[in-house]
Structure formats: C-alpha cells, structure tokens
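Colleague: Have a look at this one.
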Amino acid sequence: MIWNLGSINADNFYYLRHLPAPGETIVAEDFRQGLGGKGANMSVAAARAGTRVMHIGAVGPDGKWAVERLLEYGVETQHITMINTPTGHANICVAQDGENSIVLYAGANHEVNDRMIGAALSEASPGDFLLMQNETLGQEFAAPTAKTLGMRVAYAAAPFEAEVVADVMDHVDLLVLNEGEAAELVKALDQPLDCLPIDDIIVTLGADGCKWVSNKAKTTKDFPAYPVKAIDTTGAGDTFTGYLVAALDRRLAMEDAITLAMQAAALMVTRQGTADVIPDLKDIQDHNFD
C-alpha cells in the first residue's frame, strides 16, 4: 500500500498561443478547471496503476469536490482533513507547443501538520510505501517516522529545495528528480548522485527518457523515451512517479517499473489536463509503443 503525503489543488488551465513574455498580456483561447496538485496527481496515477493508495492531505471548505473526485478515481481519502483555509490551486498556462508555466497557491496544503501525518502513518504496515513531494510540509517528520515503522520512503523532491533533501535523505529509499534538480542537488551537496546514501535515484530527462542510479547495486542505466507528439507536459512527471512507486509496491523489478512509468508518462503528454486524464493500465496495454 502507498501512503501519499501530498498536495490537492484546483488546476486552472489557460490555453495560449505562446507563454507570455514579461509585461505581455495575452488572451487565453480556452479555459478548463480540474483536479491537480502534485500529490493528487501521484495518488491518482498510483491508483490507476493498480495499487491501494491512501492520500494524506488537507482541503478547505471549497475542496469537497476534489475529495469526491479522488474517491471516484480509486484513492482512499480517510486522512484528508477539511480545514478553514482555502484549497490550494494552480494557474497553469499551456502553450501550443506543449510547454507550460505555473503559478501555485499552497492554501490548505501548507496546513498539513505532524499530528495529521502521525495519525495516518500509525495505520501503516511494514513494507508499505510513504510517498512525498514538496507541495506540503512535514517531510522532516514523515520520513523518519515511516522508516521507524518499517516503511519504504519514496521522495519526488519538487518543488525542489536542496536543504529539505539533505535533511531527509538518510531516510529515503527512492529519490526522483528532474535533470535540473539533480544538477542543483549535486552542486549544493558537493557530491555526485552515486555517493548519496539513497538506494535508488531516478533522474527524469523529459524527451530524452530517464536515468537510474542504483547506489545499492552500484550501477547506472539509461532508459530512452518513447516517441510521442506532446500536447501538454503538465503532470507527466507526477504520472511517472505515481506509476513507478505503484509498480514497486506491486513488487515489479526496478527496470520493469521504470518502463511502465515511462509508458504512462508518454501517454500523459498526449492529453490535455492533469489528474482527470492520467492513463490507466488498460490504456497502456492497448497502446502500441513499438
């Protein structure tokens, strides 16, 4: 089972000809709202990848619809707390070439506290996964607590903060970063990735695929990307992470888990939206990736 300490957002999408330059006003050609947040995206992806997911998070009085949507997608929500702070949201500009820019408001996501996290993890079992990212608070409490309980800890360290990674990395089994974040971490710690005290590190490379650094097996392997026509890259990394951790929770080997996660992310970039359009296992099985 996966216990996902993660954000829940309303995603407001503005579809544009191009991303606005500094000082430029541009008219949106379309607008849509949907369920998002890195945490919610990962929970939906993991559920659609065929594993049991309990989301740990918070919404405001305006967020009941988001909790209901998560339930519809197979995510367990008993540890989502409703509080008197507006639900987090993101304003997402998507250009015709698939690139995006995002303005994020944390809202209720930053009200998740150690008491909420502890209450949830007290129900976890040894061998379960704790999945975290940085759109909520509490990583420094959650990671050592999970390890004490015999859980495995997966950390998608975005939005990236090198100091937070340094504080928790002794308790992390799997770290997922993009190429820029990996370079920033190496610079901040003055250590290469293969010297960090983390069993497995995945560096996502966008259209170039990803790299697996196994410090446990003392090996590195590159995985090429699947060629697809990108329409919207929003949520592709979250989809990758959710599928990856779900596959590992289902006891797939790392190489097979990465392959499945890359297939899910490849399909994701051909769709517009975030949590609401994350592919399920049947979508992947029905798609020809050759």
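Lettering and numbering for the structure tokens are positional, with chains as A, B, ... in the shown order, residues counted from 1 in each chain, and ligands counted from 1 in the shown order.
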Find the spatial neighbours of A:Val103, counting only C-alpha atoms, within a cut-off of 8 Å - ignore same-chain residues fewer than 4 positions away - and output them as a PyMOL selection string.
Modeller: chain A and resi 90-92
Colleague: Please provide the set of residues having any atom within 9 Å of stretch 72-85 of chain A, restricted to only C-alpha atoms, with same-chain residues fewer than 4 positions apart removed, written as a list of chain:residue names.
Modeller: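 The neighbour list is A:Ser43, A:Val44, A:Ala46, A:Ala47, A:Arg48, A:Arg52, A:Val53, A:Met54, A:His55, A:Ile56, A:Gly57, A:Ala58, A:Val59, A:Gly60, A:Pro61, A:Asp62, A:Gly63, A:Lys64, A:Val67, A:Glu68, A:Gly107, A:Ala108, A:Glu111, A:Val112, A:Met116, A:Ile117, A:Ala119, A:Ala120, A:Asp276.
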Colleague: Just list the residues in stretch 160-258 of chain A DSSP gives strand (DSSP E or B) on the backbone, as a PyMOL selection string.
Modeller: chain A and resi 174-178+200-204+210-214+219-223
Colleague: Going by DSSP on the backbone, which bits of stretch 177-271 of chain A are helix (DSSP H, G or I)? Write them as a count of residues only, please.
Modeller: 46
Colleague: Excluding A:Pro159 and residues on its chain fewer than 3 positions from it, collect all residues at most 9 Å away from it, counting only C-alpha atoms, and give them as a PyMOL selection string.
Modeller: chain A and resi 133-135+156
Colleague: For stretch 173-185 of chain A, find every residue with an atom within 7 Å (counting only C-alpha atoms), except residues of its own chain fewer than 5 positions away, and show them as a PyMOL selection string.
Modeller: chain A and resi 152-157+160+162+198-205
Colleague: Which residues come within 9 Å of A:Gln263, counting only C-alpha atoms, excluding same-chain residues fewer than 2 positions away, as a PyMOL selection string?
Modeller: chain A and resi 225-226+240+258-261+265-268+284+289
Colleague: Next, write the just-selected residues to a file, as a compact mmCIF listing (two decimals), in the first residue's frame, keeping N, CA and C atoms as the atom set.
Modeller:
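New file selection.txt:
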# COMPACT_ATOMS: atom_id res chain seq x y z
N ALA A 225 13.36 7.58 -24.14
CA ALA A 225 11.94 7.93 -24.10
C ALA A 225 11.18 7.27 -25.24
N TYR A 226 9.88 7.12 -25.05
CA TYR A 226 9.01 6.65 -26.12
C TYR A 226 8.62 7.85 -26.99
N PHE A 240 4.56 9.70 -13.98
CA PHE A 240 5.73 8.80 -13.94
C PHE A 240 5.98 8.32 -12.52
N ILE A 258 10.26 1.13 -14.10
CA ILE A 258 10.62 2.33 -14.87
C ILE A 258 9.99 2.29 -16.25
N THR A 259 10.03 1.13 -16.90
CA THR A 259 9.44 1.00 -18.24
C THR A 259 7.96 1.31 -18.22
N LEU A 260 7.23 0.76 -17.24
CA LEU A 260 5.80 1.03 -17.13
C LEU A 260 5.55 2.50 -16.87
N ALA A 261 6.33 3.11 -15.98
CA ALA A 261 6.16 4.52 -15.65
C ALA A 261 6.42 5.41 -16.85
N ALA A 265 3.80 8.00 -18.66
CA ALA A 265 4.13 9.42 -18.88
C ALA A 265 4.06 9.78 -20.36
N ALA A 266 4.47 8.85 -21.23
CA ALA A 266 4.40 9.11 -22.67
C ALA A 266 2.96 9.31 -23.13
N LEU A 267 2.04 8.48 -22.61
CA LEU A 267 0.63 8.69 -22.96
C LEU A 267 0.10 9.98 -22.36
N MET A 268 0.56 10.32 -21.16
CA MET A 268 0.06 11.50 -20.47
C MET A 268 0.32 12.77 -21.27
N ILE A 284 -2.51 1.73 -21.29
CA ILE A 284 -1.12 1.39 -21.61
C ILE A 284 -1.06 0.06 -22.35
N PHE A 289 3.56 0.74 -28.31
CA PHE A 289 4.72 1.60 -28.08
C PHE A 289 5.90 1.27 -28.99
Colleague: Select, from A:Ala253, A:Met169, A:Leu35, A:Val269, the residue with the minimum atom-to-atom distance to A:Ile231, counting only C-alpha atoms.
Modeller: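 Nearest candidate to A:Ile231 out of A:Ala253, A:Met169, A:Leu35, A:Val269: A:Val269.
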Colleague: Could you tell me how far atom CA of A:Val213 lies from atom CA of A:Ile278, in Å and to one decimal?
Modeller: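 Separation of atom CA of A:Val213 and atom CA of A:Ile278: 26.4 Å.
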Colleague: Of the candidates A:Met151, A:Phe223, A:Thr234, A:Phe13, which one gets nearest to A:Ala257 if we count only C-alpha atoms?
Modeller: A:Phe223
Colleague: Rank nothing, just name the residue among A:Lys211, A:Arg32, A:Lys38, A:His171 nearest to A:Thr241, using only C-alpha atoms.
Modeller: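 Smallest distance to A:Thr241 is found for A:Lys38.
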Colleague: Could you give me, as a PyMOL selection string, the residues within 10 Å of A:Val27, counting only C-alpha atoms and dropping anything in the same chain fewer than 3 positions from it?
Modeller: chain A and resi 14-17+20+30
Colleague: Write out, as a PDB file, in the first residue's frame, the residues just selected, with all heavy atoms.
Modeller:
ATOM      1  N   TYR A  14      -5.172  27.664 -18.643  1.00  0.00           N
ATOM      2  CA  TYR A  14      -5.356  28.703 -19.647  1.00  0.00           C
ATOM      3  C   TYR A  14      -4.551  28.298 -20.880  1.00  0.00           C
ATOM      4  O   TYR A  14      -3.320  28.181 -20.816  1.00  0.00           O
ATOM      5  CB  TYR A  14      -4.883  30.055 -19.115  1.00  0.00           C
ATOM      6  CG  TYR A  14      -5.586  30.478 -17.842  1.00  0.00           C
ATOM      7  CD1 TYR A  14      -5.105  30.077 -16.600  1.00  0.00           C
ATOM      8  CD2 TYR A  14      -6.739  31.253 -17.889  1.00  0.00           C
ATOM      9  CE1 TYR A  14      -5.761  30.439 -15.432  1.00  0.00           C
ATOM     10  CE2 TYR A  14      -7.407  31.627 -16.726  1.00  0.00           C
ATOM     11  CZ  TYR A  14      -6.902  31.215 -15.497  1.00  0.00           C
ATOM     12  OH  TYR A  14      -7.553  31.568 -14.332  1.00  0.00           O
ATOM     13  N   TYR A  15      -5.242  28.068 -21.991  1.00  0.00           N
ATOM     14  CA  TYR A  15      -4.575  27.604 -23.206  1.00  0.00           C
ATOM     15  C   TYR A  15      -4.259  28.807 -24.104  1.00  0.00           C
ATOM     16  O   TYR A  15      -5.149  29.571 -24.490  1.00  0.00           O
ATOM     17  CB  TYR A  15      -5.444  26.582 -23.926  1.00  0.00           C
ATOM     18  CG  TYR A  15      -5.589  25.318 -23.106  1.00  0.00           C
ATOM     19  CD1 TYR A  15      -6.683  25.117 -22.264  1.00  0.00           C
ATOM     20  CD2 TYR A  15      -4.604  24.336 -23.139  1.00  0.00           C
ATOM     21  CE1 TYR A  15      -6.786  23.969 -21.488  1.00  0.00           C
ATOM     22  CE2 TYR A  15      -4.702  23.185 -22.361  1.00  0.00           C
ATOM     23  CZ  TYR A  15      -5.793  23.016 -21.544  1.00  0.00           C
ATOM     24  OH  TYR A  15      -5.895  21.873 -20.765  1.00  0.00           O
ATOM     25  N   LEU A  16      -2.967  28.949 -24.440  1.00  0.00           N
ATOM     26  CA  LEU A  16      -2.449  30.139 -25.108  1.00  0.00           C
ATOM     27  C   LEU A  16      -1.698  29.765 -26.383  1.00  0.00           C
ATOM     28  O   LEU A  16      -1.245  28.617 -26.547  1.00  0.00           O
ATOM     29  CB  LEU A  16      -1.478  30.880 -24.173  1.00  0.00           C
ATOM     30  CG  LEU A  16      -1.926  31.096 -22.724  1.00  0.00           C
ATOM     31  CD1 LEU A  16      -0.770  31.654 -21.910  1.00  0.00           C
ATOM     32  CD2 LEU A  16      -3.119  32.035 -22.677  1.00  0.00           C
ATOM     33  N   ARG A  17      -1.531  30.735 -27.277  1.00  0.00           N
ATOM     34  CA  ARG A  17      -0.693  30.524 -28.458  1.00  0.00           C
ATOM     35  C   ARG A  17       0.759  30.319 -28.046  1.00  0.00           C
ATOM     36  O   ARG A  17       1.468  29.493 -28.602  1.00  0.00           O
ATOM     37  CB  ARG A  17      -0.805  31.712 -29.416  1.00  0.00           C
ATOM     38  CG  ARG A  17      -2.189  31.881 -30.047  1.00  0.00           C
ATOM     39  CD  ARG A  17      -2.180  32.963 -31.115  1.00  0.00           C
ATOM     40  NE  ARG A  17      -1.713  34.246 -30.582  1.00  0.00           N
ATOM     41  CZ  ARG A  17      -2.485  35.102 -29.924  1.00  0.00           C
ATOM     42  NH1 ARG A  17      -3.764  34.800 -29.690  1.00  0.00           N
ATOM     43  NH2 ARG A  17      -2.007  36.247 -29.489  1.00  0.00           N
ATOM     44  N   PRO A  20       3.327  33.895 -22.100  1.00  0.00           N
ATOM     45  CA  PRO A  20       3.518  35.351 -22.122  1.00  0.00           C
ATOM     46  C   PRO A  20       4.942  35.737 -21.738  1.00  0.00           C
ATOM     47  O   PRO A  20       5.553  35.161 -20.835  1.00  0.00           O
ATOM     48  CB  PRO A  20       2.507  35.864 -21.083  1.00  0.00           C
ATOM     49  CG  PRO A  20       2.185  34.677 -20.236  1.00  0.00           C
ATOM     50  CD  PRO A  20       2.339  33.469 -21.087  1.00  0.00           C
ATOM     51  N   ASP A  30      -8.722  29.163 -24.487  1.00  0.00           N
ATOM     52  CA  ASP A  30      -9.634  28.225 -23.842  1.00  0.00           C
ATOM     53  C   ASP A  30      -9.300  28.196 -22.354  1.00  0.00           C
ATOM     54  O   ASP A  30      -8.209  28.589 -21.935  1.00  0.00           O
ATOM     55  CB  ASP A  30      -9.471  26.817 -24.436  1.00  0.00           C
ATOM     56  CG  ASP A  30     -10.645  25.895 -24.081  1.00  0.00           C
ATOM     57  OD1 ASP A  30     -11.636  26.388 -23.502  1.00  0.00           O
ATOM     58  OD2 ASP A  30     -10.559  24.691 -24.384  1.00  0.00           O
TER      59      ASP A  30
END
Colleague: Would you mind listing what lies within 9 Å of A:Ala66 as a PDB file with C-alpha atoms, in the first residue's frame, with only C-alpha atoms counted and same-chain residues fewer than 5 positions away left out?
Modeller:
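Output contents, as saved in selection00.pdb:
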ATOM      1  CA  ILE A   8      -4.512  18.690  -3.501  1.00  0.00           C
ATOM      2  CA  ASN A   9      -5.160  21.569  -5.889  1.00  0.00           C
ATOM      3  CA  ALA A  10      -7.750  23.001  -8.191  1.00  0.00           C
ATOM      4  CA  GLY A  34      -9.708  20.156 -12.975  1.00  0.00           C
ATOM      5  CA  LEU A  35      -8.219  18.205 -10.096  1.00  0.00           C
ATOM      6  CA  GLY A  36      -4.473  18.613  -9.651  1.00  0.00           C
ATOM      7  CA  VAL A  59      -8.550  20.899   1.660  1.00  0.00           C
ATOM      8  CA  LEU A  71     -12.632   8.758  -4.409  1.00  0.00           C
TER       9      LEU A  71
END
Colleague: Using only C-alpha atoms, find the one residue out of A:Lys218, A:Ala95, A:Thr51, A:Gly88 that sits nearest to A:Cys195.
Modeller: A:Lys218
